[in-house]
>>> print(open('coords_33.txt').read())   # compact mmCIF, C-alpha atoms and all ligand atoms
# COMPACT_ATOMS: atom_id res chain seq x y z
CA LYS A 1 124.84 13.83 84.85
CA ASN A 2 127.35 13.45 87.61
CA SER A 3 125.22 15.32 90.10
CA THR A 4 125.20 12.33 92.41
CA ASN A 5 128.78 13.08 93.47
CA LEU A 6 127.74 16.32 95.08
CA LEU A 7 127.20 16.26 98.83
CA ILE A 8 126.29 19.83 99.60
CA LEU A 9 126.21 22.14 96.63
CA GLY A 10 123.09 22.11 94.47
CA ARG A 11 121.06 19.67 96.59
CA THR A 12 118.31 22.20 96.01
CA SER A 13 118.35 24.64 93.13
CA ASN A 14 116.34 26.98 90.97
CA TYR A 15 116.95 27.19 87.24
CA LEU A 16 115.54 30.35 85.71
CA PRO A 17 115.31 30.81 81.91
CA SER A 18 116.11 34.47 82.50
CA CYS A 19 116.47 36.86 85.43
CA GLN A 20 117.97 40.20 86.42
CA SER A 21 120.65 38.97 88.83
CA THR A 22 121.01 35.49 90.32
CA ASN A 23 122.65 37.04 93.40
CA ASP A 24 119.58 39.19 94.00
CA ILE A 25 117.18 36.29 93.41
CA ALA A 26 119.19 34.15 95.84
CA ALA A 27 119.18 36.93 98.44
CA GLY A 28 115.41 37.36 98.09
CA LEU A 29 114.78 33.62 98.39
CA SER A 30 116.94 33.35 101.48
CA GLN A 31 114.85 36.02 103.16
CA SER A 32 111.53 34.38 102.42
CA LYS A 33 112.46 30.80 103.35
CA ASN A 34 115.11 28.65 104.96
CA LEU A 35 117.46 27.48 102.26
CA MET A 36 119.82 24.54 102.47
CA ASP A 37 123.53 25.18 102.62
CA GLY A 38 124.62 25.11 99.00
CA HIS A 39 121.33 26.16 97.40
CA VAL A 40 121.97 27.20 93.78
CA VAL A 41 120.19 29.73 91.58
CA TRP A 42 121.25 29.69 87.95
CA THR A 43 120.45 30.99 84.51
CA THR A 44 122.04 31.48 81.11
CA ASN A 45 120.36 34.81 80.55
CA GLN A 46 120.98 37.53 83.06
CA THR A 47 119.67 40.98 82.25
CA ALA A 48 121.14 43.08 85.08
CA GLY A 49 124.19 41.16 86.28
CA LYS A 50 126.16 42.75 89.09
CA GLY A 51 129.95 42.89 89.15
CA GLN A 52 132.47 43.95 91.75
CA ARG A 53 132.73 47.58 92.81
CA GLY A 54 129.27 48.45 91.49
CA ASN A 55 130.10 47.38 87.92
CA THR A 56 127.72 45.47 85.71
CA TRP A 57 128.40 41.94 84.45
CA GLU A 58 127.60 41.53 80.78
CA SER A 59 126.84 38.14 79.30
CA GLU A 60 125.69 37.06 75.83
CA PRO A 61 122.17 35.58 76.28
CA GLY A 62 122.04 31.78 76.35
CA LYS A 63 125.81 31.33 75.99
CA ASN A 64 127.20 31.44 79.51
CA LEU A 65 126.53 30.25 83.02
CA LEU A 66 125.53 32.73 85.68
CA LEU A 67 125.08 31.14 89.05
CA SER A 68 124.80 31.97 92.72
CA ILE A 69 125.42 29.61 95.60
CA VAL A 70 123.96 30.34 99.01
CA VAL A 71 126.29 29.13 101.76
CA TYR A 72 126.11 28.98 105.53
CA PRO A 73 129.74 28.48 106.56
CA LYS A 74 128.70 28.54 110.22
CA THR A 75 132.06 28.53 111.87
CA LEU A 76 133.78 31.04 109.66
CA ASP A 77 134.76 34.25 111.42
CA ALA A 78 134.10 37.50 109.63
CA GLY A 79 137.84 38.14 109.75
CA ASN A 80 138.39 35.01 107.69
CA GLN A 81 136.30 35.95 104.69
CA PHE A 82 139.32 35.55 102.46
CA LEU A 83 139.23 31.80 103.13
CA LEU A 84 135.88 31.62 101.41
CA THR A 85 137.13 33.83 98.58
CA ALA A 86 140.19 31.61 98.12
CA ALA A 87 138.19 28.37 98.22
CA ILE A 88 135.79 29.61 95.56
CA SER A 89 138.53 31.08 93.36
CA LEU A 90 140.42 27.80 93.45
CA GLY A 91 137.33 25.83 92.43
CA VAL A 92 136.52 28.17 89.56
CA CYS A 93 140.13 28.33 88.39
CA GLU A 94 140.42 24.54 88.42
CA THR A 95 137.24 24.26 86.36
CA ILE A 96 138.37 26.70 83.68
CA LYS A 97 141.81 25.04 83.59
CA SER A 98 140.21 21.67 82.93
CA PHE A 99 138.51 23.05 79.80
CA ILE A 100 141.57 24.99 78.59
CA PRO A 101 144.47 22.71 79.53
CA ASP A 102 146.92 24.22 77.05
CA LYS A 103 146.90 27.78 78.30
CA ASP A 104 147.80 29.53 81.51
CA VAL A 105 144.77 30.03 83.70
CA TYR A 106 145.29 32.17 86.77
CA ILE A 107 143.61 33.62 89.81
CA LYS A 108 144.09 37.34 89.69
CA TRP A 109 144.01 37.82 93.41
CA PRO A 110 141.69 37.91 95.13
CA ASN A 111 138.99 36.53 92.88
CA ASP A 112 139.16 37.09 89.14
CA ILE A 113 139.99 34.27 86.80
CA TYR A 114 142.16 35.04 83.81
CA VAL A 115 143.39 33.13 80.79
CA GLU A 116 146.68 34.74 79.98
CA LYS A 117 145.79 38.44 79.86
CA LEU A 118 142.04 38.15 79.46
CA LYS A 119 139.34 37.75 82.07
CA ILE A 120 137.18 34.64 81.71
CA ALA A 121 135.26 34.48 85.00
CA GLY A 122 134.27 36.87 87.74
CA ILE A 123 133.18 36.25 91.30
CA LEU A 124 131.02 38.46 93.48
CA ILE A 125 130.66 37.28 97.07
CA GLU A 126 128.11 39.07 99.22
CA ASN A 127 128.45 38.08 102.87
CA MET A 128 125.99 38.80 105.64
CA LEU A 129 127.81 39.11 108.96
CA LYS A 130 126.31 38.53 112.38
CA ASN A 131 128.07 38.42 115.76
CA GLY A 132 131.46 38.39 114.08
CA LYS A 133 130.61 35.34 111.95
CA ILE A 134 129.60 34.86 108.36
CA GLU A 135 125.89 34.20 108.82
CA GLN A 136 125.30 33.70 105.12
CA GLY A 137 127.27 34.09 101.95
CA ILE A 138 125.94 34.56 98.46
CA ILE A 139 128.56 33.53 95.95
CA GLY A 140 127.90 34.81 92.47
CA ILE A 141 129.96 33.42 89.63
CA GLY A 142 129.85 34.49 86.03
CA SER A 143 131.74 32.19 83.65
CA ASN A 144 132.21 33.03 79.99
CA ILE A 145 131.67 29.72 78.25
CA ASN A 146 130.29 29.79 74.70
CA GLN A 147 130.39 33.53 74.25
CA THR A 148 131.37 34.18 70.63
CA HIS A 149 132.43 37.81 70.83
CA ASN A 150 133.99 39.94 73.51
CA LEU A 151 131.65 42.24 75.32
CA HIS A 152 134.75 43.85 76.80
CA PRO A 153 138.23 44.29 75.26
CA SER A 154 139.93 42.44 78.09
CA ALA A 155 137.45 39.55 78.27
CA THR A 156 137.46 36.10 76.73
CA SER A 157 135.50 32.82 76.89
CA ILE A 158 136.24 29.11 76.74
CA PHE A 159 134.92 29.09 73.16
CA LEU A 160 137.13 31.99 72.13
CA GLU A 161 140.17 30.25 73.60
CA THR A 162 139.52 26.73 72.31
CA ASN A 163 137.04 27.03 69.43
CA LYS A 164 134.93 24.37 71.13
CA GLU A 165 131.40 24.67 72.42
CA ILE A 166 130.65 23.20 75.80
CA GLU A 167 127.38 21.94 77.25
CA ILE A 168 126.43 24.42 79.95
CA GLU A 169 125.19 21.50 82.08
CA ASP A 170 128.58 19.79 81.97
CA TYR A 171 130.20 22.96 83.08
CA TYR A 172 127.57 23.42 85.81
CA PHE A 173 128.29 20.05 87.43
CA ARG A 174 132.02 20.37 87.07
CA ILE A 175 132.20 23.79 88.69
CA LEU A 176 129.98 22.70 91.59
CA GLN A 177 132.13 19.61 92.06
CA ASN A 178 135.36 21.60 92.09
CA ILE A 179 134.05 24.28 94.41
CA GLU A 180 132.57 21.70 96.73
CA ALA A 181 135.96 20.02 97.21
CA PHE A 182 137.35 23.27 98.61
CA TYR A 183 134.18 24.24 100.45
CA LEU A 184 134.22 20.92 102.32
CA LYS A 185 137.77 21.62 103.46
CA LEU A 186 136.72 25.05 104.60
CA ARG A 187 133.75 23.70 106.56
CA ALA A 188 136.02 21.15 108.18
CA GLY A 189 138.26 23.97 109.38
CA LYS A 190 141.11 23.05 107.04
CA SER A 191 142.57 26.08 105.40
CA SER A 192 145.85 24.54 104.37
CA TYR A 193 144.94 24.97 100.71
CA LEU A 194 145.78 28.63 101.10
CA LYS A 195 149.38 27.98 101.93
CA SER A 196 149.83 25.32 99.32
CA LEU A 197 152.14 25.66 96.40
CA TYR A 198 149.09 24.81 94.35
CA TYR A 199 147.39 28.05 95.32
CA ARG A 200 150.56 30.02 94.93
CA ASN A 201 151.08 28.67 91.45
CA MET A 202 147.59 29.65 90.49
CA LEU A 203 148.16 33.26 91.41
CA TRP A 204 148.44 35.53 88.45
CA TYR A 205 151.84 36.71 87.38
CA GLN A 206 154.73 35.51 89.40
CA GLU A 207 157.07 37.84 87.55
CA GLU A 208 157.67 41.43 88.54
CA ARG A 209 154.91 43.83 87.62
CA LEU A 210 153.43 47.22 88.36
CA PHE A 211 151.07 47.65 91.31
CA GLN A 212 149.02 50.48 92.68
CA ALA A 213 148.22 50.94 96.37
CA GLY A 214 146.31 54.10 97.12
CA ASP A 215 147.93 56.69 94.88
CA LYS A 216 151.33 55.02 95.02
CA PHE A 217 152.75 53.01 92.12
CA PHE A 218 155.52 50.46 92.60
CA HIS A 219 157.08 47.36 91.09
CA GLY A 220 156.83 44.08 92.90
CA THR A 221 156.55 40.31 92.60
CA ILE A 222 153.74 38.26 94.12
CA LEU A 223 155.07 35.76 96.65
CA GLY A 224 151.81 34.26 97.85
CA VAL A 225 149.24 34.82 100.55
CA ASN A 226 149.96 35.04 104.27
CA ASN A 227 148.00 33.49 107.13
CA GLU A 228 145.64 36.44 107.18
CA GLY A 229 144.86 36.04 103.49
CA LYS A 230 146.78 39.12 102.55
CA LEU A 231 148.70 39.23 99.31
CA GLN A 232 152.44 39.19 99.90
CA VAL A 233 154.44 41.22 97.46
CA SER A 234 158.19 41.54 97.36
CA THR A 235 159.11 45.17 96.68
CA ASP A 236 162.19 47.40 96.76
CA GLU A 237 161.24 48.24 100.34
CA GLY A 238 160.97 44.61 101.42
CA ILE A 239 158.06 42.20 101.62
CA LYS A 240 154.71 43.89 102.07
CA ALA A 241 151.24 42.47 102.70
CA PHE A 242 148.07 43.94 101.28
CA GLY A 243 144.44 43.33 102.20
CA LEU A 244 141.52 42.85 99.87
CA LYS A 245 140.96 46.40 98.72
CA GLU A 246 144.40 47.80 99.37
CA ILE A 247 146.15 46.95 96.14
CA SER A 248 145.47 46.59 92.45
CA PHE A 249 147.43 45.52 89.42
CA VAL A 250 148.21 48.01 86.76
CA ILE A 251 147.35 46.24 83.55
CA ASN A 252 149.16 47.34 80.44
CA ARG A 253 146.80 47.03 77.55
C1 LIG B 301 133.19 40.70 88.74
O1 LIG B 301 134.19 40.19 88.23
O2 LIG B 301 133.02 41.93 88.70
C2 LIG B 301 132.17 39.81 89.40
C3 LIG B 301 131.14 39.32 88.44
C4 LIG B 301 130.13 38.42 89.08
C5 LIG B 301 129.01 38.05 88.11
C6 LIG B 301 128.11 37.00 88.66
S1 LIG B 301 127.03 36.34 87.42
C7 LIG B 301 126.10 35.51 88.63
C8 LIG B 301 126.00 36.43 89.84
N1 LIG B 301 124.86 37.31 89.72
C9 LIG B 301 125.22 38.59 89.59
O3 LIG B 301 124.43 39.55 89.45
N2 LIG B 301 126.56 38.69 89.60
C10 LIG B 301 127.19 37.40 89.80
>>> encode(input="coords_33.txt", output="structure tokens", more="lines below")
Ligand code: BTN
Amino acid sequence: KNSTNLLILGRTSNYLPSCQSTNDIAAGLSQSKNLMDGHVVWTTNQTAGKGQRGNTWESEPGKNLLLSIVVYPKTLDAGNQFLLTAAISLGVCETIKSFIPDKDVYIKWPNDIYVEKLKIAGILIENMLKNGKIEQGIIGIGSNINQTHNLHPSATSIFLETNKEIEIEDYYFRILQNIEAFYLKLRAGKSSYLKSLYYRNMLWYQEERLFQAGDKFFHGTILGVNNEGKLQVSTDEGIKAFGLKEISFVINR
């Protein structure tokens, strides 16, 4: 199905009926042999999924897609890791949007995908740096597809939003296709997608909201992302830029 359109992602892959963490399997494989750029490890049953900041990633067995892509973005400087993050987030966001066209699907900067106020996909990128370059990246993506009940109060799935079941395989090819489009731009040294209105419009919550940076709370409005990949926020004290771990949103439940 459709796989013939893919140039790089998924040329080689491992499907596993079940595993602990596709990111860990991918990391292990990459140590024991030379993998192709874009090698994919995937399952629908992950027993010890890893999330950001040491969290776990829960997924109803058999219902969702858990995948890891091994990438070798040779020319990407370590200081430009956000370009990879942005490319992947855009591809995932686009995919979810295509299945839920009637609702607002957003990137909660830097790399969570939300449908309105609920999280539908999470991304965990584990980069290996060498000589100031990204030697290898392992991109883990958990997408909630046919999950029928929330494993977390602020989570949702495509099924919960649309009442429709989706073939995991269809989703698999569509997400690889969408990510590949941005990954090819990245490999070609084109990072203009970051500055595009398209990316800006995909960022979560353009209206004023509450942020936290360190132990400081303040109101601000997201303007976009600057050339360094930092989030630009307009605040009472002017426009400020925040790096990957410097700011978080305060979510009112
Ligand atoms: C997050 O939002 O906290 C990131 C979640 C990332 C989950 C995916 S599922 C596939 C891959 N394997 C893992 O163990 N984690 C990632």
>>> axis_aligned_box(input="coords_33.txt", around="ligand LIG 301 (chain B)", padding_each_side="6 Å", output="lines of an AutoDock Vina configuration file")
center_x = 129.3
center_y = 38.7
center_z = 88.6
size_x = 21.8
size_y = 18.4
size_z = 14.4
>>> residues_near_ligand(input="coords_33.txt", ligand="ligand LIG 301 (chain B)", cutoff="9 Å", atoms="all atoms listed in the file", output="JSON, numbers by chain")
{"A": [20, 21, 22, 23, 24, 25, 26, 41, 42, 43, 46, 47, 48, 49, 50, 51, 52, 53, 54, 55, 56, 57, 58, 59, 65, 66, 67, 68, 69, 111, 112, 113, 119, 121, 122, 123, 124, 125, 138, 139, 140, 141, 142, 143]}
>>> residues_around(input="coords_33.txt", residues="Gln177 in chain A", least_positions_apart="6", cutoff="8 Å", atoms="all atoms listed in the file", output="PyMOL selection string")
chain A and resi 5-6+9
>>> residues_around(input="coords_33.txt", residues="Leu203 in chain A", least_positions_apart="4", cutoff="12 Å", atoms="all atoms listed in the file", output="PDB file with C-alpha atoms, in the frame of the given file")
ATOM      1  CA  ALA A  86     140.190  31.610  98.120  1.00  0.00           C
ATOM      2  CA  SER A  89     138.530  31.080  93.360  1.00  0.00           C
ATOM      3  CA  LEU A  90     140.420  27.800  93.450  1.00  0.00           C
ATOM      4  CA  CYS A  93     140.130  28.330  88.390  1.00  0.00           C
ATOM      5  CA  ASP A 104     147.800  29.530  81.510  1.00  0.00           C
ATOM      6  CA  VAL A 105     144.770  30.030  83.700  1.00  0.00           C
ATOM      7  CA  TYR A 106     145.290  32.170  86.770  1.00  0.00           C
ATOM      8  CA  ILE A 107     143.610  33.620  89.810  1.00  0.00           C
ATOM      9  CA  LYS A 108     144.090  37.340  89.690  1.00  0.00           C
ATOM     10  CA  TRP A 109     144.010  37.820  93.410  1.00  0.00           C
ATOM     11  CA  PRO A 110     141.690  37.910  95.130  1.00  0.00           C
ATOM     12  CA  ASN A 111     138.990  36.530  92.880  1.00  0.00           C
ATOM     13  CA  ASP A 112     139.160  37.090  89.140  1.00  0.00           C
ATOM     14  CA  ILE A 113     139.990  34.270  86.800  1.00  0.00           C
ATOM     15  CA  TYR A 114     142.160  35.040  83.810  1.00  0.00           C
ATOM     16  CA  VAL A 115     143.390  33.130  80.790  1.00  0.00           C
ATOM     17  CA  GLU A 116     146.680  34.740  79.980  1.00  0.00           C
ATOM     18  CA  LEU A 194     145.780  28.630 101.100  1.00  0.00           C
ATOM     19  CA  LYS A 195     149.380  27.980 101.930  1.00  0.00           C
ATOM     20  CA  SER A 196     149.830  25.320  99.320  1.00  0.00           C
ATOM     21  CA  LEU A 197     152.140  25.660  96.400  1.00  0.00           C
ATOM     22  CA  TYR A 198     149.090  24.810  94.350  1.00  0.00           C
ATOM     23  CA  TYR A 199     147.390  28.050  95.320  1.00  0.00           C
ATOM     24  CA  GLU A 207     157.070  37.840  87.550  1.00  0.00           C
ATOM     25  CA  THR A 221     156.550  40.310  92.600  1.00  0.00           C
ATOM     26  CA  ILE A 222     153.740  38.260  94.120  1.00  0.00           C
ATOM     27  CA  LEU A 223     155.070  35.760  96.650  1.00  0.00           C
ATOM     28  CA  GLY A 224     151.810  34.260  97.850  1.00  0.00           C
ATOM     29  CA  VAL A 225     149.240  34.820 100.550  1.00  0.00           C
ATOM     30  CA  LEU A 231     148.700  39.230  99.310  1.00  0.00           C
ATOM     31  CA  GLN A 232     152.440  39.190  99.900  1.00  0.00           C
ATOM     32  CA  VAL A 233     154.440  41.220  97.460  1.00  0.00           C
TER      33      VAL A 233
END
>>> atom_distance(input="coords_33.txt", atom1="CA of Glu94 in chain A", atom2="CA of Thr44 in chain A")
21.0 Å
>>> residues_around(input="coords_33.txt", residues="range 129-137 of chain A", least_positions_apart="5", cutoff="6 Å", atoms="only C-alpha atoms", output="PyMOL selection string")
chain A and resi 70-72+76-78
>>> residues_around(input="coords_33.txt", residues="Thr235 in chain A", least_positions_apart="6", cutoff="8 Å", atoms="all atoms listed in the file", output="list in words")
Phe218, His219, Gly220 and Thr221 of chain A
>>> atom_distance(input="coords_33.txt", atom1="CA of Ile168 in chain A", atom2="CA of Asn64 in chain A")
7.1 Å
>>> closest_residue(input="coords_33.txt", among="A:Glu246, A:Ser192, A:Leu118, A:Arg187", to="Thr156 in chain A", atoms="all atoms listed in the file")
A:Leu118
>>> residues_around(input="coords_33.txt", residues="Asp215 in chain A", least_positions_apart="4", cutoff="12 Å", atoms="only C-alpha atoms", output="PyMOL selection string")
chain A and resi 211+246-248+250
>>> closest_residue(input="coords_33.txt", among="A:Phe182, A:Tyr15, A:Phe249, A:Phe159", to="His39 in chain A", atoms="only C-alpha atoms")
A:Tyr15
>>> atom_distance(input="coords_33.txt", atom1="CA of Glu165 in chain A", atom2="CA of Lys97 in chain A")
15.3 Å
>>> residues_near_point(input="coords_33.txt", point="(122.1, 25.8, 107.9)", cutoff="8 Å", atoms="only C-alpha atoms", output="short mmCIF file (atom, residue, chain, number, x, y, z; two decimals) with C-alpha atoms, keeping the file's coordinate frame")
data_model
loop_
_atom_site.label_atom_id
_atom_site.label_comp_id
_atom_site.auth_asym_id
_atom_site.auth_seq_id
_atom_site.Cartn_x
_atom_site.Cartn_y
_atom_site.Cartn_z
CA LEU A 35 117.46 27.48 102.26
CA MET A 36 119.82 24.54 102.47
CA ASP A 37 123.53 25.18 102.62
CA TYR A 72 126.11 28.98 105.53
CA LYS A 74 128.70 28.54 110.22
#
>>> closest_residue(input="coords_33.txt", among="A:Glu180, A:Glu60, A:Glu167, A:Asp102", to="Gln147 in chain A", atoms="all atoms listed in the file")
A:Glu60
>>> decode(input="coords_33.txt", residues="range 71-89 of chain A", atoms="N, CA and C atoms", output="short mmCIF file (atom, residue, chain, number, x, y, z; two decimals), in the first residue's frame")
data_model
loop_
_atom_site.label_atom_id
_atom_site.label_comp_id
_atom_site.auth_asym_id
_atom_site.auth_seq_id
_atom_site.Cartn_x
_atom_site.Cartn_y
_atom_site.Cartn_z
N VAL A 71 17.62 7.80 12.03
CA VAL A 71 18.05 8.72 10.96
C VAL A 71 19.52 9.10 11.12
N TYR A 72 20.13 9.37 9.99
CA TYR A 72 21.52 9.83 9.96
C TYR A 72 21.55 11.15 9.20
N PRO A 73 21.14 12.24 9.86
CA PRO A 73 21.06 13.52 9.16
C PRO A 73 22.43 14.17 9.09
N LYS A 74 23.33 13.53 8.39
CA LYS A 74 24.77 13.81 8.40
C LYS A 74 25.21 15.26 8.61
N THR A 75 24.56 16.16 7.91
CA THR A 75 25.08 17.52 7.92
C THR A 75 24.52 18.37 9.06
N LEU A 76 23.64 17.80 9.85
CA LEU A 76 22.97 18.62 10.84
C LEU A 76 23.83 18.86 12.08
N ASP A 77 24.12 20.13 12.35
CA ASP A 77 24.89 20.47 13.54
C ASP A 77 24.08 20.19 14.80
N ALA A 78 24.82 19.84 15.85
CA ALA A 78 24.16 19.57 17.13
C ALA A 78 23.32 20.77 17.58
N GLY A 79 23.80 21.97 17.26
CA GLY A 79 23.07 23.17 17.64
C GLY A 79 21.77 23.36 16.87
N ASN A 80 21.56 22.53 15.88
CA ASN A 80 20.35 22.66 15.05
C ASN A 80 19.36 21.52 15.27
N GLN A 81 19.43 20.93 16.44
CA GLN A 81 18.55 19.77 16.70
C GLN A 81 17.08 20.12 16.57
N PHE A 82 16.78 21.38 16.85
CA PHE A 82 15.37 21.79 16.76
C PHE A 82 14.82 21.65 15.34
N LEU A 83 15.71 21.70 14.34
CA LEU A 83 15.23 21.55 12.96
C LEU A 83 14.66 20.16 12.74
N LEU A 84 15.31 19.18 13.35
CA LEU A 84 14.82 17.81 13.26
C LEU A 84 13.50 17.70 14.01
N THR A 85 13.48 18.25 15.22
CA THR A 85 12.26 18.24 16.02
C THR A 85 11.09 18.86 15.26
N ALA A 86 11.36 20.01 14.63
CA ALA A 86 10.29 20.71 13.90
C ALA A 86 9.83 19.90 12.70
N ALA A 87 10.78 19.33 11.97
CA ALA A 87 10.42 18.55 10.78
C ALA A 87 9.51 17.37 11.16
N ILE A 88 9.90 16.68 12.23
CA ILE A 88 9.11 15.52 12.65
C ILE A 88 7.73 15.96 13.15
N SER A 89 7.71 17.01 13.98
CA SER A 89 6.43 17.48 14.52
C SER A 89 5.47 17.87 13.40
#
